[in-house]
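Accompanying notes for the structure given below.
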There are 4 protein chains.
Amino acid sequence: MKEKDDKRARILDSALRVFADKGFFGAKVSDIAAEAGVADGTIYLYFKSKDDLLICLFEAQMTIITAELTSAMAGATDAPDKLRRFVRAYMKLVESNRRGAEVIAIELRQSAKFMKEYSNVRFTEFLKLTASVIDEGQRAGAFRADVPAPVAARALFGMLDELALMWVTARPGTAAKLDIARLPDWVTSIVLQGLERRTA
Amino acid sequence: MKEKDDKRARILDSALRVFADKGFFGAKVSDIAAEAGVADGTIYLYFKSKDDLLICLFEAQMTIITAELTSAMAGATDAPDKLRRFVRAYMKLVESNRRGAEVIAIELRQSAKFMKEYSNVRFTEFLKLTASVIDEGQRAGAFRADVPAPVAARALFGMLDELALMWVTARPGTAAKLDIARLPDWVTSIVLQGLERRTA
Amino acid sequence: MKEKDDKRARILDSALRVFADKGFFGAKVSDIAAEAGVADGTIYLYFKSKDDLLICLFEAQMTIITAELTSAMAGATDAPDKLRRFVRAYMKLVESNRRGAEVIAIELRQSAKFMKEYSNVRFTEFLKLTASVIDEGQRAGAFRADVPAPVAARALFGMLDELALMWVTARPGTAAKLDIARLPDWVTSIVLQGLERRTA
Amino acid sequence: MKEKDDKRARILDSALRVFADKGFFGAKVSDIAAEAGVADGTIYLYFKSKDDLLICLFEAQMTIITAELTSAMAGATDAPDKLRRFVRAYMKLVESNRRGAEVIAIELRQSAKFMKEYSNVRFTEFLKLTASVIDEGQRAGAFRADVPAPVAARALFGMLDELALMWVTARPGTAAKLDIARLPDWVTSIVLQGLERRTA
DNA sequence: CATGAATGAGACTTCATTCAT
DNA sequence: CATGAATGAAGTCTCATTCAT
């Protein structure tokens with residue numbers, strides 16, 4: 001059981017690297033197998049197809065992210081604090097798991113096409129988590145209530161995702177210029193101020 | 001000459017439809033040819049390759065978008081007004097050119113991979129346009145200056161792009177729930193407030 | 001048009017040879033392509049799949065056989081004479097088109113499995129043709145009427161097919177022993193006598 | 001020893017079911033293993049290969065058939081009576097062992113290809129048994145002697161096999177029409193009359 | 001003896017691209 | 001310029017067979 005899970009995890013990990021590196025369509029199953037040190041056919045003992053592999057990878061990543069974000073917000077006092085922690089944790093995740101962010105950011109889009117059937121449960125969960133924080137802030141009077149929480153959540157994700165992509169695809173030379181370390185603060189700041197409730 | 005341009009344009013237009021419908025990798029060159037009413041080989045008289053077709057399509061779309069946005073901002077009085085018009089024009093473009101938005105939003109990401117070489121001039125131009133508006137606002141004291149304009153521009157694009165994607169991929173039934181018509185206002189509002197300069 | 005048909009016919013002909021030689025499952029599409037002197041992909045311009053190739057081949061053969069048998073029976077005076085000509089023409093076809101007979105005899109069976117959906121129209125036609133001759137003889141009082149014509153037809157086909165197979169798979173050495181040339185006469189004789197109506 | 005034979009028999013029995021159901025090439029070794037309730041690898045402790053499994057299965061079936069037919073003919077008085085019993089016993093075997101008949105009827109043909117080396121001893125034995133009955137009748141003057149016994153035997157087998165196949169593959173609805181129960185009588189009658197010696 | 005996870009050769013099929021007409 | 005039949009490289013996936021446990 002342990003070994004089996006181990007091998008599955010190894011394949012998933014290799015897929016992450018290869019997908020991040022070459023994109024889903026550019027990646028060959030045999031590349032992933034080679035990276036994982038298993039035979040091509042072995043992939044199919046753990047995953048139904050290449051598509052399934054991507055979906056499972058995506059789900060695994062989203063599960064990690066959601067868990068991480070949830071735990072990051074655990075000790076927060078109020079909604080703005082939660083959001084602050086949320087954003088920081090998200091950017092930290094991107095930083096520590098560059099490839100994961102790449103796959104999420106890049107493949108999620110094209111997946112929208114071929115995963116038409118796939119309801120994308122995990123991503124929906126993630127958006128709900130985000131929306132719930134905003135909703136909480138709206139109810140508490142800390143956030144403006146004129147923008148629906150799901151829309152605000154989606155907008156927030158767009159920002160985070162795009163900035164993550166910017167960070168991830170930045171050429172080493174160019175990247176140096178913009179101070180990555182401060183990205184989380186900037187995002188937090190823009191978002192919090194953008195969502196802040198204005199007292200007449 | 002006119003006919004030549006006409007045929008090129010027709011192919012580009014067909015490519016837009018097919019790419020939006022099936023994604024870049026899911027689209028067959030022969031699908032595009034059929035859609036355009038030309039022979040498969042004809043595509044190669046106007047474009048070097050399928051990749052080239054995507055790049056040209058992308059550039060054409062970005063050119064349209066940039067032109068449209070520039071003209072939308074023409075009569076603006078100040079930076080916030082410019083930004084307001086910018087956002088509204090962007091969302092209107094998405095609304096009127098759903099397929100174009102789809103290709104930009106979805107294919108840009110995966111293209112990021114295989115277009116590694118492609119310097120993405122038009123997209124950079126677009127970001128510069130956005131950044132220049134923000135920069136202008138910062139210089140005029142209307143926008144906060146603690147966040148670098150390019151980062152803010154990128155964050156703004158992320159929001160717009162994600163919301164466009166939300167709109168574009170929304171299932172007819174679900175879409176009805178969130179009032180699409182008000183999206184531009186919400187985005188404008190969040191962004192303007194988020195970027196606003198706080199007086200002590 | 002002529003060339004197109006020509007190529008299709010060439011592929012069909014090669015398929016006949018290769019299927020007869022190696023069996024359907026033992027035959028590789030690339031074998032057939034090589035035999036036909038075309039690229040592998042070309043096969044798929046004319047046939048939907050390997051299965052489709054077999055079905056088309058089968059139909060083509062059955063069409064030829066049915067036509068040949070019909071014309072062979074054209075000048076017959078009565079049912080027994082028709083049947084005599086039928087049997088002789090069938091065995092002659094086997095003799096002159098050994099590979100065709102092989103494919104019919106051998107692949108028809110296993111096809112029964114994977115062609116479940118395929119209604120096998122041509123083969124049904126062939127059986128109907130056979131049955132109609134027997135039925136004619138029964139009505140005319142020349143053949144016994146206690147055995148239903150379709151059953152007798154099927155039995156007749158079984159004999160012809162099995163003897164064809166015997167002939168086709170006979171080792172050169174062994175084949176010499178049994179006088180192939182007389183097979184048609186033997187079959188005819190057995191069948192005609194077997195079906196003959198006994199006058200009280 | 002008993003258990004070993006038991007497991008071997010169970011595998012053989014499962015193979016019979018699976019081959020009959022899916023055909024030799026459509027059947028997976030793991031299907032057979034699952035059906036038999038053993039591990040995939042276990043198959044290879046009892047059989048050299050999938051091919052070997054088919055050959056053994058075929059031999060086992062032919063042994064059963066030959067034994068059954070021999071015993072059925074035991075109490076016969078003369079050759080025609082033997083043949084009558086032979087045919088009836090054969091059709092009864094088909095009726096009671098539908099799957100066995102299916103495998104024999106369908107797989108024997110395609111096997112003819114890949115079993116080129118396999119001398120098909122049991123089938124030859126079966127044919128010899130059949131031929132010996134006919135030969136006996138010919139010597140006794142009951143059967144016509146102008147057709148060589150081996151040819152007549154082969155023709156008889158063709159009839160039996162084809163009618164068995166008709167019965168086996170008959171769609172439930174269609175099957176009702178032709179009175180299966182009377183098939184043995186029809187066959188017997190045709191054959192006996194067909195082989196009967198005509199007194200000038 | 002039994003297991004069943006792993007292997008890896010190889011098949012079918014697709015489709016971007018070419019080039020003779 | 002236009003055509004579209006032909007190409008053939010390359011990828012996904014299957015499955016008979018093995019072997020360490």
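Letters for chains follow the order of the structure tokens (A, B, ...), residue numbers begin at 1 for each chain, and ligand numbers begin at 1 in the order shown.
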Output, as a PDB file with C-alpha atoms, in the first residue's frame, the coordinates of chain C following least-squares superposition onto chain D across all in-order C-alpha pairs.
ATOM      1  CA  MET C   1      -2.759 -33.381  -7.636  1.00  0.00           C
ATOM      2  CA  LYS C   2      -6.527 -33.190  -7.526  1.00  0.00           C
ATOM      3  CA  GLU C   3      -6.482 -29.533  -6.663  1.00  0.00           C
ATOM      4  CA  LYS C   4      -3.937 -28.827  -9.322  1.00  0.00           C
ATOM      5  CA  ASP C   5      -6.035 -30.486 -11.952  1.00  0.00           C
ATOM      6  CA  ASP C   6      -8.981 -28.652 -10.562  1.00  0.00           C
ATOM      7  CA  LYS C   7      -7.356 -25.283 -11.051  1.00  0.00           C
ATOM      8  CA  ARG C   8      -6.169 -26.160 -14.511  1.00  0.00           C
ATOM      9  CA  ALA C   9      -9.670 -27.256 -15.378  1.00  0.00           C
ATOM     10  CA  ARG C  10     -11.111 -24.080 -13.938  1.00  0.00           C
ATOM     11  CA  ILE C  11      -8.812 -21.961 -16.073  1.00  0.00           C
ATOM     12  CA  LEU C  12      -9.655 -24.013 -19.140  1.00  0.00           C
ATOM     13  CA  ASP C  13     -13.314 -23.606 -18.404  1.00  0.00           C
ATOM     14  CA  SER C  14     -12.993 -19.871 -17.976  1.00  0.00           C
ATOM     15  CA  ALA C  15     -11.014 -19.650 -21.175  1.00  0.00           C
ATOM     16  CA  LEU C  16     -13.814 -21.464 -22.935  1.00  0.00           C
ATOM     17  CA  ARG C  17     -16.318 -18.945 -21.719  1.00  0.00           C
ATOM     18  CA  VAL C  18     -14.189 -15.907 -22.477  1.00  0.00           C
ATOM     19  CA  PHE C  19     -12.999 -17.101 -25.879  1.00  0.00           C
ATOM     20  CA  ALA C  20     -16.559 -17.988 -26.838  1.00  0.00           C
ATOM     21  CA  ASP C  21     -17.680 -14.597 -25.707  1.00  0.00           C
ATOM     22  CA  LYS C  22     -15.008 -12.330 -27.139  1.00  0.00           C
ATOM     23  CA  GLY C  23     -13.036 -14.445 -29.538  1.00  0.00           C
ATOM     24  CA  PHE C  24      -9.426 -15.367 -29.094  1.00  0.00           C
ATOM     25  CA  PHE C  25      -7.961 -12.004 -29.983  1.00  0.00           C
ATOM     26  CA  GLY C  26     -10.595 -10.061 -28.155  1.00  0.00           C
ATOM     27  CA  ALA C  27     -10.052 -12.028 -24.969  1.00  0.00           C
ATOM     28  CA  LYS C  28      -7.486 -10.728 -22.510  1.00  0.00           C
ATOM     29  CA  VAL C  29      -5.520 -13.119 -20.376  1.00  0.00           C
ATOM     30  CA  SER C  30      -6.575 -11.074 -17.389  1.00  0.00           C
ATOM     31  CA  ASP C  31     -10.215 -11.601 -18.350  1.00  0.00           C
ATOM     32  CA  ILE C  32      -9.697 -15.319 -18.196  1.00  0.00           C
ATOM     33  CA  ALA C  33      -7.830 -15.053 -14.921  1.00  0.00           C
ATOM     34  CA  ALA C  34     -10.579 -12.930 -13.414  1.00  0.00           C
ATOM     35  CA  GLU C  35     -13.227 -15.353 -14.644  1.00  0.00           C
ATOM     36  CA  ALA C  36     -11.297 -18.232 -13.091  1.00  0.00           C
ATOM     37  CA  GLY C  37     -10.714 -16.338  -9.874  1.00  0.00           C
ATOM     38  CA  VAL C  38      -6.939 -16.602 -10.062  1.00  0.00           C
ATOM     39  CA  ALA C  39      -4.138 -14.115 -10.532  1.00  0.00           C
ATOM     40  CA  ASP C  40      -2.939 -13.359 -14.036  1.00  0.00           C
ATOM     41  CA  GLY C  41       0.374 -15.026 -13.415  1.00  0.00           C
ATOM     42  CA  THR C  42      -1.273 -18.237 -12.328  1.00  0.00           C
ATOM     43  CA  ILE C  43      -2.385 -18.870 -15.890  1.00  0.00           C
ATOM     44  CA  TYR C  44       1.262 -19.234 -16.801  1.00  0.00           C
ATOM     45  CA  LEU C  45       1.825 -21.922 -14.218  1.00  0.00           C
ATOM     46  CA  TYR C  46      -0.478 -24.151 -16.202  1.00  0.00           C
ATOM     47  CA  PHE C  47      -0.083 -22.937 -19.772  1.00  0.00           C
ATOM     48  CA  LYS C  48       2.914 -21.749 -21.691  1.00  0.00           C
ATOM     49  CA  SER C  49       1.123 -18.871 -23.360  1.00  0.00           C
ATOM     50  CA  LYS C  50      -2.239 -17.593 -24.463  1.00  0.00           C
ATOM     51  CA  ASP C  51      -1.791 -19.570 -27.676  1.00  0.00           C
ATOM     52  CA  ASP C  52      -1.062 -22.695 -25.715  1.00  0.00           C
ATOM     53  CA  LEU C  53      -4.222 -22.111 -23.725  1.00  0.00           C
ATOM     54  CA  LEU C  54      -6.281 -22.075 -26.900  1.00  0.00           C
ATOM     55  CA  ILE C  55      -4.609 -25.178 -28.236  1.00  0.00           C
ATOM     56  CA  CYS C  56      -5.132 -27.065 -24.984  1.00  0.00           C
ATOM     57  CA  LEU C  57      -8.723 -25.921 -24.854  1.00  0.00           C
ATOM     58  CA  PHE C  58      -9.252 -27.040 -28.401  1.00  0.00           C
ATOM     59  CA  GLU C  59      -7.701 -30.406 -27.752  1.00  0.00           C
ATOM     60  CA  ALA C  60      -9.752 -30.917 -24.625  1.00  0.00           C
ATOM     61  CA  GLN C  61     -12.954 -30.109 -26.481  1.00  0.00           C
ATOM     62  CA  MET C  62     -12.092 -32.344 -29.399  1.00  0.00           C
ATOM     63  CA  THR C  63     -11.280 -35.163 -27.033  1.00  0.00           C
ATOM     64  CA  ILE C  64     -14.644 -34.819 -25.358  1.00  0.00           C
ATOM     65  CA  ILE C  65     -16.428 -34.632 -28.682  1.00  0.00           C
ATOM     66  CA  THR C  66     -14.658 -37.633 -30.142  1.00  0.00           C
ATOM     67  CA  ALA C  67     -15.314 -39.673 -27.022  1.00  0.00           C
ATOM     68  CA  GLU C  68     -18.954 -38.684 -26.935  1.00  0.00           C
ATOM     69  CA  LEU C  69     -19.498 -39.477 -30.591  1.00  0.00           C
ATOM     70  CA  THR C  70     -17.716 -42.794 -30.314  1.00  0.00           C
ATOM     71  CA  SER C  71     -19.861 -43.830 -27.385  1.00  0.00           C
ATOM     72  CA  ALA C  72     -23.000 -42.608 -29.143  1.00  0.00           C
ATOM     73  CA  MET C  73     -22.260 -44.884 -32.081  1.00  0.00           C
ATOM     74  CA  ALA C  74     -21.449 -47.854 -29.876  1.00  0.00           C
ATOM     75  CA  GLY C  75     -24.730 -49.680 -30.131  1.00  0.00           C
ATOM     76  CA  ALA C  76     -25.379 -49.033 -33.803  1.00  0.00           C
ATOM     77  CA  THR C  77     -26.271 -51.862 -36.130  1.00  0.00           C
ATOM     78  CA  ASP C  78     -24.963 -50.588 -39.422  1.00  0.00           C
ATOM     79  CA  ALA C  79     -23.238 -47.624 -40.985  1.00  0.00           C
ATOM     80  CA  PRO C  80     -26.355 -45.581 -41.745  1.00  0.00           C
ATOM     81  CA  ASP C  81     -27.476 -46.092 -38.188  1.00  0.00           C
ATOM     82  CA  LYS C  82     -24.043 -45.043 -36.961  1.00  0.00           C
ATOM     83  CA  LEU C  83     -24.165 -41.918 -39.034  1.00  0.00           C
ATOM     84  CA  ARG C  84     -27.630 -41.112 -37.783  1.00  0.00           C
ATOM     85  CA  ARG C  85     -26.462 -41.432 -34.189  1.00  0.00           C
ATOM     86  CA  PHE C  86     -23.297 -39.515 -35.026  1.00  0.00           C
ATOM     87  CA  VAL C  87     -25.164 -36.528 -36.384  1.00  0.00           C
ATOM     88  CA  ARG C  88     -27.673 -36.511 -33.568  1.00  0.00           C
ATOM     89  CA  ALA C  89     -24.971 -36.764 -30.940  1.00  0.00           C
ATOM     90  CA  TYR C  90     -23.054 -33.948 -32.583  1.00  0.00           C
ATOM     91  CA  MET C  91     -26.008 -31.618 -32.623  1.00  0.00           C
ATOM     92  CA  LYS C  92     -26.852 -32.565 -29.078  1.00  0.00           C
ATOM     93  CA  LEU C  93     -23.321 -31.722 -28.043  1.00  0.00           C
ATOM     94  CA  VAL C  94     -23.659 -28.351 -29.674  1.00  0.00           C
ATOM     95  CA  GLU C  95     -26.909 -27.828 -27.865  1.00  0.00           C
ATOM     96  CA  SER C  96     -25.571 -28.800 -24.470  1.00  0.00           C
ATOM     97  CA  ASN C  97     -22.199 -27.172 -24.902  1.00  0.00           C
ATOM     98  CA  ARG C  98     -22.947 -24.091 -26.834  1.00  0.00           C
ATOM     99  CA  ARG C  99     -19.738 -22.327 -25.875  1.00  0.00           C
ATOM    100  CA  GLY C 100     -17.604 -25.287 -26.778  1.00  0.00           C
ATOM    101  CA  ALA C 101     -19.184 -25.407 -30.187  1.00  0.00           C
ATOM    102  CA  GLU C 102     -18.647 -21.710 -30.582  1.00  0.00           C
ATOM    103  CA  VAL C 103     -14.973 -21.978 -29.854  1.00  0.00           C
ATOM    104  CA  ILE C 104     -14.547 -24.951 -32.129  1.00  0.00           C
ATOM    105  CA  ALA C 105     -16.555 -23.430 -34.923  1.00  0.00           C
ATOM    106  CA  ILE C 106     -15.192 -19.934 -34.759  1.00  0.00           C
ATOM    107  CA  GLU C 107     -11.663 -20.204 -33.484  1.00  0.00           C
ATOM    108  CA  LEU C 108     -10.717 -23.280 -35.460  1.00  0.00           C
ATOM    109  CA  ARG C 109     -10.637 -21.199 -38.593  1.00  0.00           C
ATOM    110  CA  GLN C 110      -8.480 -18.376 -37.467  1.00  0.00           C
ATOM    111  CA  SER C 111      -6.384 -20.876 -35.634  1.00  0.00           C
ATOM    112  CA  ALA C 112      -5.629 -22.391 -39.001  1.00  0.00           C
ATOM    113  CA  LYS C 113      -3.464 -19.337 -39.401  1.00  0.00           C
ATOM    114  CA  PHE C 114      -1.466 -19.053 -36.234  1.00  0.00           C
ATOM    115  CA  MET C 115      -1.505 -22.750 -35.495  1.00  0.00           C
ATOM    116  CA  LYS C 116       0.271 -23.436 -38.732  1.00  0.00           C
ATOM    117  CA  GLU C 117       2.839 -25.527 -36.942  1.00  0.00           C
ATOM    118  CA  TYR C 118       0.273 -27.196 -34.744  1.00  0.00           C
ATOM    119  CA  SER C 119      -0.595 -30.321 -36.612  1.00  0.00           C
ATOM    120  CA  ASN C 120      -4.112 -30.323 -35.272  1.00  0.00           C
ATOM    121  CA  VAL C 121      -3.990 -33.946 -34.296  1.00  0.00           C
ATOM    122  CA  ARG C 122      -7.302 -34.043 -32.518  1.00  0.00           C
ATOM    123  CA  PHE C 123      -9.209 -32.509 -35.376  1.00  0.00           C
ATOM    124  CA  THR C 124      -7.609 -34.968 -37.776  1.00  0.00           C
ATOM    125  CA  GLU C 125      -8.690 -37.762 -35.467  1.00  0.00           C
ATOM    126  CA  PHE C 126     -12.209 -36.451 -35.519  1.00  0.00           C
ATOM    127  CA  LEU C 127     -12.240 -36.359 -39.305  1.00  0.00           C
ATOM    128  CA  LYS C 128     -10.847 -39.862 -39.443  1.00  0.00           C
ATOM    129  CA  LEU C 129     -13.582 -41.079 -37.157  1.00  0.00           C
ATOM    130  CA  THR C 130     -16.180 -39.528 -39.419  1.00  0.00           C
ATOM    131  CA  ALA C 131     -14.542 -40.875 -42.544  1.00  0.00           C
ATOM    132  CA  SER C 132     -14.292 -44.367 -41.113  1.00  0.00           C
ATOM    133  CA  VAL C 133     -18.040 -44.502 -40.622  1.00  0.00           C
ATOM    134  CA  ILE C 134     -18.640 -43.440 -44.188  1.00  0.00           C
ATOM    135  CA  ASP C 135     -16.013 -45.828 -45.431  1.00  0.00           C
ATOM    136  CA  GLU C 136     -17.704 -48.642 -43.564  1.00  0.00           C
ATOM    137  CA  GLY C 137     -20.975 -47.790 -45.220  1.00  0.00           C
ATOM    138  CA  GLN C 138     -19.313 -47.688 -48.602  1.00  0.00           C
ATOM    139  CA  ARG C 139     -17.762 -51.096 -48.132  1.00  0.00           C
ATOM    140  CA  ALA C 140     -21.064 -52.514 -46.976  1.00  0.00           C
ATOM    141  CA  GLY C 141     -22.709 -51.148 -50.077  1.00  0.00           C
ATOM    142  CA  ALA C 142     -25.014 -48.866 -48.157  1.00  0.00           C
ATOM    143  CA  PHE C 143     -23.268 -45.656 -49.226  1.00  0.00           C
ATOM    144  CA  ARG C 144     -22.280 -44.498 -52.651  1.00  0.00           C
ATOM    145  CA  ALA C 145     -18.632 -45.134 -53.317  1.00  0.00           C
ATOM    146  CA  ASP C 146     -17.986 -42.544 -56.000  1.00  0.00           C
ATOM    147  CA  VAL C 147     -17.182 -39.843 -53.447  1.00  0.00           C
ATOM    148  CA  PRO C 148     -14.031 -40.491 -51.402  1.00  0.00           C
ATOM    149  CA  ALA C 149     -14.855 -40.999 -47.748  1.00  0.00           C
ATOM    150  CA  PRO C 150     -12.525 -38.227 -46.507  1.00  0.00           C
ATOM    151  CA  VAL C 151     -14.168 -35.723 -48.811  1.00  0.00           C
ATOM    152  CA  ALA C 152     -17.627 -36.808 -47.754  1.00  0.00           C
ATOM    153  CA  ALA C 153     -16.526 -36.613 -44.136  1.00  0.00           C
ATOM    154  CA  ARG C 154     -15.267 -33.115 -44.622  1.00  0.00           C
ATOM    155  CA  ALA C 155     -18.467 -32.101 -46.359  1.00  0.00           C
ATOM    156  CA  LEU C 156     -20.458 -33.559 -43.513  1.00  0.00           C
ATOM    157  CA  PHE C 157     -18.420 -31.672 -40.968  1.00  0.00           C
ATOM    158  CA  GLY C 158     -18.963 -28.485 -42.963  1.00  0.00           C
ATOM    159  CA  MET C 159     -22.687 -28.941 -42.767  1.00  0.00           C
ATOM    160  CA  LEU C 160     -22.707 -29.770 -39.093  1.00  0.00           C
ATOM    161  CA  ASP C 161     -20.373 -26.944 -38.245  1.00  0.00           C
ATOM    162  CA  GLU C 162     -22.247 -24.365 -40.244  1.00  0.00           C
ATOM    163  CA  LEU C 163     -25.597 -25.380 -38.840  1.00  0.00           C
ATOM    164  CA  ALA C 164     -24.111 -25.356 -35.366  1.00  0.00           C
ATOM    165  CA  LEU C 165     -22.849 -21.866 -36.021  1.00  0.00           C
ATOM    166  CA  MET C 166     -26.237 -20.829 -37.317  1.00  0.00           C
ATOM    167  CA  TRP C 167     -27.800 -22.152 -34.178  1.00  0.00           C
ATOM    168  CA  VAL C 168     -25.178 -20.660 -31.929  1.00  0.00           C
ATOM    169  CA  THR C 169     -25.182 -17.196 -33.413  1.00  0.00           C
ATOM    170  CA  ALA C 170     -28.905 -17.046 -33.990  1.00  0.00           C
ATOM    171  CA  ARG C 171     -30.526 -14.041 -32.408  1.00  0.00           C
ATOM    172  CA  PRO C 172     -32.973 -15.219 -29.785  1.00  0.00           C
ATOM    173  CA  GLY C 173     -35.838 -13.783 -31.782  1.00  0.00           C
ATOM    174  CA  THR C 174     -34.791 -15.224 -35.111  1.00  0.00           C
ATOM    175  CA  ALA C 175     -33.842 -18.545 -33.646  1.00  0.00           C
ATOM    176  CA  ALA C 176     -37.366 -19.199 -32.642  1.00  0.00           C
ATOM    177  CA  LYS C 177     -38.483 -19.222 -36.222  1.00  0.00           C
ATOM    178  CA  LEU C 178     -36.497 -22.187 -37.358  1.00  0.00           C
ATOM    179  CA  ASP C 179     -37.235 -25.202 -35.338  1.00  0.00           C
ATOM    180  CA  ILE C 180     -33.868 -26.013 -33.852  1.00  0.00           C
ATOM    181  CA  ALA C 181     -35.055 -29.261 -32.433  1.00  0.00           C
ATOM    182  CA  ARG C 182     -35.509 -30.682 -35.874  1.00  0.00           C
ATOM    183  CA  LEU C 183     -32.102 -29.680 -37.211  1.00  0.00           C
ATOM    184  CA  PRO C 184     -30.523 -33.049 -36.381  1.00  0.00           C
ATOM    185  CA  ASP C 185     -33.231 -34.867 -38.273  1.00  0.00           C
ATOM    186  CA  TRP C 186     -32.892 -32.623 -41.274  1.00  0.00           C
ATOM    187  CA  VAL C 187     -29.158 -32.990 -41.385  1.00  0.00           C
ATOM    188  CA  THR C 188     -29.349 -36.713 -40.936  1.00  0.00           C
ATOM    189  CA  SER C 189     -31.907 -36.997 -43.618  1.00  0.00           C
ATOM    190  CA  ILE C 190     -30.061 -34.917 -46.170  1.00  0.00           C
ATOM    191  CA  VAL C 191     -26.808 -36.659 -45.472  1.00  0.00           C
ATOM    192  CA  LEU C 192     -28.146 -40.164 -45.489  1.00  0.00           C
ATOM    193  CA  GLN C 193     -30.057 -39.603 -48.673  1.00  0.00           C
ATOM    194  CA  GLY C 194     -27.142 -37.769 -50.230  1.00  0.00           C
ATOM    195  CA  LEU C 195     -24.785 -40.594 -49.482  1.00  0.00           C
ATOM    196  CA  GLU C 196     -27.186 -43.389 -50.222  1.00  0.00           C
ATOM    197  CA  ARG C 197     -26.151 -45.837 -52.882  1.00  0.00           C
ATOM    198  CA  ARG C 198     -28.435 -45.790 -55.859  1.00  0.00           C
ATOM    199  CA  THR C 199     -29.315 -49.127 -57.225  1.00  0.00           C
ATOM    200  CA  ALA C 200     -29.163 -48.854 -60.946  1.00  0.00           C
TER     201      ALA C 200
END
Give one line per residue of chain E that approaches chain B to at most 10 Å, naming the two atoms of the closest pair and their distance in Å to one decimal, counting only C-alpha atoms (C1' of nucleotides); sort by chain then ascending residue number and deliver it as a tab-separated table.
residue	atom	partner	partner_atom	distance
E:DC15	C1'	B:Lys28	CA	7.3
E:DA16	C1'	B:Val29	CA	7.4
E:DT17	C1'	B:Gly41	CA	8.3
E:DT18	C1'	B:Gly41	CA	8.4
E:DC19	C1'	B:Gly41	CA	9.7
For the structure I just gave you, how does DSSP split region 6-152 of chain B - specifically, which residues are alpha helix (DSSP H)? Reply as a PyMOL selection string.
chain B and resi 6-22+29-36+40-46+50-73+79-96+98-102+108-114+121-139+149-152
Pull out every residue of chain F sitting within 9 Å of chain A, counting only C-alpha atoms (C1' of nucleotides), and send them as a PyMOL selection string.
chain F and resi 11-14
